[in-house]
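One structure below.
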Amino acid sequence: MSTCILVVEDNAPVGKMIQAMLTRYGYQVHWAVSGVSALATAASAFPVLVLLDMTLPDMAGTEVLNRLKTSRPALPVLVMTGLFSDPGDAFAAGGDGLLSKPFTLHQLAEAVEDFVGAPQ
């Protein structure tokens, strides 16, 4: 069984790149382009990690983060943004880590493995 990761990213080229890379490494990837779709997917797909862009078209990333943590407090959420300059900002917002944009595929792979380990 593969490890399920939810990617919440409204920028299609970035989302496709993340999805392709994680799929290539053996993870099962669900991709949401809005806060509403992210919350619905998280409730039905039971991801073990969420990669969350903080700028979404329908709601603030902090609201999505808060609602994810309310429904599943132990679910790790890795914040992906260029808005925060310090990892402490991501933690203050309720996230479990920060992946500063722009990031490399190597940085993405390392960050994911830090939270869920290598894919099965």
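Note on naming: chains are A, B, ... as they come in the structure tokens, residues start from 1 per chain, ligands start from 1 in the order shown.
The shell of residues at most 10 Å from Phe103 of chain A, with only C-alpha atoms counted and near chain neighbours (fewer than 5 positions) removed, consists of A:Met80, A:Thr81, A:Gly82, A:Leu108.
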Keeping C-alpha atoms, export the residues of the selection given above as a PDB file, in the first residue's frame.
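Listed below is the output, part06.pdb:
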ATOM      1  CA  MET A  80       4.579  25.653   1.129  1.00  0.00           C
ATOM      2  CA  THR A  81       4.861  29.394   0.677  1.00  0.00           C
ATOM      3  CA  GLY A  82       7.018  32.328  -0.172  1.00  0.00           C
ATOM      4  CA  LEU A 108      10.675  18.678  -1.645  1.00  0.00           C
TER       5      LEU A 108
END
| message | My list of candidates is A:Glu9, A:Asp58, A:Glu110, A:Glu63. Which is closest to Tyr25 of chain A when distances are computed with only C-alpha atoms? | response |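 For Tyr25 of chain A, the nearest of the candidates is A:Glu110.
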| request: Find, counting only C-alpha atoms, the residue in A:Val7, A:Ala38, A:Ala90, A:Leu65 that gets nearest to Leu22 of chain A. | output: A:Val7
| said: List as number ranges by chain the protein and nucleic acid residues near Ser34 of chain A, meaning an atom at most 10 Å away when only C-alpha atoms are counted, but skip any in the same chain fewer than 3 places from it. | reply: A: 8-10, 31, 37-39, 53, 55-61, 64
Generate a file of the selected residues that holds N, CA and C atoms, formatted as a compact mmCIF listing (two decimals), in the first residue's frame.
# COMPACT_ATOMS: atom_id res chain seq x y z
N VAL A 8 -2.01 20.61 -1.84
CA VAL A 8 -2.98 21.69 -2.00
C VAL A 8 -2.23 22.85 -2.65
N GLU A 9 -2.46 23.03 -3.94
CA GLU A 9 -1.72 24.01 -4.73
C GLU A 9 -2.59 24.46 -5.90
N ASP A 10 -2.87 25.75 -5.99
CA ASP A 10 -3.73 26.25 -7.05
C ASP A 10 -2.97 26.62 -8.33
N TRP A 31 -4.42 15.76 -5.44
CA TRP A 31 -4.11 17.17 -5.68
C TRP A 31 -5.39 17.98 -5.62
N SER A 37 -11.92 21.99 -1.82
CA SER A 37 -11.58 20.66 -2.34
C SER A 37 -10.52 19.98 -1.47
N ALA A 38 -9.63 20.75 -0.87
CA ALA A 38 -8.62 20.17 0.02
C ALA A 38 -9.27 19.55 1.25
N LEU A 39 -10.21 20.26 1.85
CA LEU A 39 -10.87 19.74 3.05
C LEU A 39 -11.69 18.50 2.73
N ASP A 53 -0.22 24.99 0.16
CA ASP A 53 0.06 26.34 -0.30
C ASP A 53 -0.80 27.29 0.54
N THR A 55 -1.67 30.41 -0.26
CA THR A 55 -2.46 31.34 -1.06
C THR A 55 -3.37 30.54 -1.98
N LEU A 56 -4.66 30.50 -1.64
CA LEU A 56 -5.63 29.73 -2.40
C LEU A 56 -6.74 30.66 -2.89
N PRO A 57 -7.47 30.26 -3.94
CA PRO A 57 -8.46 31.16 -4.51
C PRO A 57 -9.72 31.36 -3.68
N ASP A 58 -10.07 30.40 -2.83
CA ASP A 58 -11.35 30.47 -2.15
C ASP A 58 -11.27 30.74 -0.65
N MET A 59 -10.13 30.49 -0.03
CA MET A 59 -9.98 30.78 1.39
C MET A 59 -8.50 30.86 1.74
N ALA A 60 -8.22 31.50 2.84
CA ALA A 60 -6.84 31.64 3.28
C ALA A 60 -6.26 30.28 3.67
N GLY A 61 -5.00 30.10 3.38
CA GLY A 61 -4.32 28.87 3.77
C GLY A 61 -4.37 28.64 5.26
N VAL A 64 -7.64 26.91 6.05
CA VAL A 64 -7.56 25.49 5.68
C VAL A 64 -6.75 24.74 6.73
| request: Check the smallest atom-to-atom distance from each of A:Gln28, A:Ser71, A:Gln107, A:Thr62 to Leu6 of chain A using only C-alpha atoms, then report the winner. | output: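 Counting only C-alpha atoms, the residue closest to Leu6 of chain A is A:Gln28.
Pairwise distance (atom CA of Phe91 of chain A, atom CA of Met21 of chain A) equals 25.6 Å.
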| request: Kindly indicate which residue among A:Val14, A:Leu78, A:Ala111, A:Val48 lies nearest to Asp96 of chain A, using only C-alpha atoms for the distances. | output: A:Leu78
| task | Please return as a ChimeraX atom specification: the residues of chain A that backbone DSSP assigns to helix (DSSP H, G or I). | result | /A:12-24,35-45,61-71,87-92,105-116
| remark: Correct to one decimal, the distance atom CA of Ala45 of chain A-atom CA of Ile5 of chain A is 8.9 Å
| said: So, with only C-alpha atoms as the atoms that count, which of A:Ala109, A:Val33, A:Thr3, A:Leu68 lies closest to Lys16 of chain A? | reply: A:Val33
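Of the listed residues A:Ala20, A:Leu105, A:Val79, A:Ala74, the one whose atoms come nearest to Leu52 of chain A is A:Val79, with distances taken using only C-alpha atoms.
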| said: Quick check, in Å to one decimal: how far apart do atom CA of Pro47 of chain A and atom CA of Cys4 of chain A lie? | reply: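 Separation of atom CA of Pro47 of chain A and atom CA of Cys4 of chain A: 4.7 Å.
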| query | What are the DSSP strand (DSSP E or B) residues of segment 28-114 of chain A, as a PyMOL selection string? | reply | chain A and resi 28-32+49-53+55+60+77-81+97-100
Go ahead and save the residues from that selection, with N, CA and C atoms, as a PDB file, in the first residue's frame.
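The new file out_19.pdb reads:
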ATOM      1  N   GLN A  28       1.213   7.863  -3.284  1.00  0.00           N
ATOM      2  CA  GLN A  28      -0.105   8.101  -3.860  1.00  0.00           C
ATOM      3  C   GLN A  28      -0.419   9.576  -3.603  1.00  0.00           C
ATOM      4  N   VAL A  29      -0.752  10.309  -4.650  1.00  0.00           N
ATOM      5  CA  VAL A  29      -0.926  11.753  -4.524  1.00  0.00           C
ATOM      6  C   VAL A  29      -2.338  12.173  -4.899  1.00  0.00           C
ATOM      7  N   HIS A  30      -2.942  12.953  -4.031  1.00  0.00           N
ATOM      8  CA  HIS A  30      -4.205  13.627  -4.337  1.00  0.00           C
ATOM      9  C   HIS A  30      -3.861  15.104  -4.426  1.00  0.00           C
ATOM     10  N   TRP A  31      -4.425  15.762  -5.441  1.00  0.00           N
ATOM     11  CA  TRP A  31      -4.112  17.169  -5.676  1.00  0.00           C
ATOM     12  C   TRP A  31      -5.394  17.976  -5.617  1.00  0.00           C
ATOM     13  N   ALA A  32      -5.415  18.982  -4.765  1.00  0.00           N
ATOM     14  CA  ALA A  32      -6.556  19.883  -4.633  1.00  0.00           C
ATOM     15  C   ALA A  32      -6.111  21.287  -5.020  1.00  0.00           C
ATOM     16  N   LEU A  49       0.066  13.057   5.092  1.00  0.00           N
ATOM     17  CA  LEU A  49       0.766  14.339   5.036  1.00  0.00           C
ATOM     18  C   LEU A  49       0.011  15.256   4.092  1.00  0.00           C
ATOM     19  N   VAL A  50      -0.047  16.538   4.459  1.00  0.00           N
ATOM     20  CA  VAL A  50      -0.609  17.558   3.576  1.00  0.00           C
ATOM     21  C   VAL A  50       0.483  18.572   3.262  1.00  0.00           C
ATOM     22  N   LEU A  51       0.664  18.855   1.972  1.00  0.00           N
ATOM     23  CA  LEU A  51       1.536  19.930   1.513  1.00  0.00           C
ATOM     24  C   LEU A  51       0.604  21.073   1.143  1.00  0.00           C
ATOM     25  N   LEU A  52       0.645  22.163   1.891  1.00  0.00           N
ATOM     26  CA  LEU A  52      -0.355  23.215   1.782  1.00  0.00           C
ATOM     27  C   LEU A  52       0.224  24.545   1.333  1.00  0.00           C
ATOM     28  N   ASP A  53      -0.223  24.986   0.160  1.00  0.00           N
ATOM     29  CA  ASP A  53       0.063  26.344  -0.298  1.00  0.00           C
ATOM     30  C   ASP A  53      -0.796  27.286   0.538  1.00  0.00           C
ATOM     31  N   THR A  55      -1.673  30.408  -0.258  1.00  0.00           N
ATOM     32  CA  THR A  55      -2.464  31.340  -1.057  1.00  0.00           C
ATOM     33  C   THR A  55      -3.369  30.536  -1.980  1.00  0.00           C
ATOM     34  N   ALA A  60      -8.224  31.498   2.837  1.00  0.00           N
ATOM     35  CA  ALA A  60      -6.836  31.644   3.281  1.00  0.00           C
ATOM     36  C   ALA A  60      -6.263  30.283   3.671  1.00  0.00           C
ATOM     37  N   VAL A  77       1.099  18.895   8.549  1.00  0.00           N
ATOM     38  CA  VAL A  77       0.872  19.817   7.444  1.00  0.00           C
ATOM     39  C   VAL A  77       2.163  20.583   7.199  1.00  0.00           C
ATOM     40  N   LEU A  78       2.700  20.391   6.013  1.00  0.00           N
ATOM     41  CA  LEU A  78       3.907  21.091   5.597  1.00  0.00           C
ATOM     42  C   LEU A  78       3.480  22.300   4.776  1.00  0.00           C
ATOM     43  N   VAL A  79       3.751  23.471   5.277  1.00  0.00           N
ATOM     44  CA  VAL A  79       3.363  24.718   4.625  1.00  0.00           C
ATOM     45  C   VAL A  79       4.333  25.013   3.485  1.00  0.00           C
ATOM     46  N   MET A  80       3.773  25.277   2.295  1.00  0.00           N
ATOM     47  CA  MET A  80       4.579  25.653   1.129  1.00  0.00           C
ATOM     48  C   MET A  80       4.224  27.094   0.786  1.00  0.00           C
ATOM     49  N   THR A  81       5.171  27.995   0.948  1.00  0.00           N
ATOM     50  CA  THR A  81       4.861  29.394   0.677  1.00  0.00           C
ATOM     51  C   THR A  81       6.122  30.215   0.514  1.00  0.00           C
ATOM     52  N   GLY A  97       5.839  22.380   9.540  1.00  0.00           N
ATOM     53  CA  GLY A  97       7.097  22.622   8.868  1.00  0.00           C
ATOM     54  C   GLY A  97       6.887  23.611   7.749  1.00  0.00           C
ATOM     55  N   LEU A  98       7.995  24.067   7.173  1.00  0.00           N
ATOM     56  CA  LEU A  98       7.953  25.071   6.112  1.00  0.00           C
ATOM     57  C   LEU A  98       8.827  24.631   4.958  1.00  0.00           C
ATOM     58  N   LEU A  99       8.267  24.708   3.767  1.00  0.00           N
ATOM     59  CA  LEU A  99       9.008  24.520   2.534  1.00  0.00           C
ATOM     60  C   LEU A  99       8.875  25.837   1.777  1.00  0.00           C
ATOM     61  N   SER A 100       9.939  26.646   1.813  1.00  0.00           N
ATOM     62  CA  SER A 100       9.897  27.981   1.216  1.00  0.00           C
ATOM     63  C   SER A 100       9.934  27.913  -0.297  1.00  0.00           C
TER      64      SER A 100
END
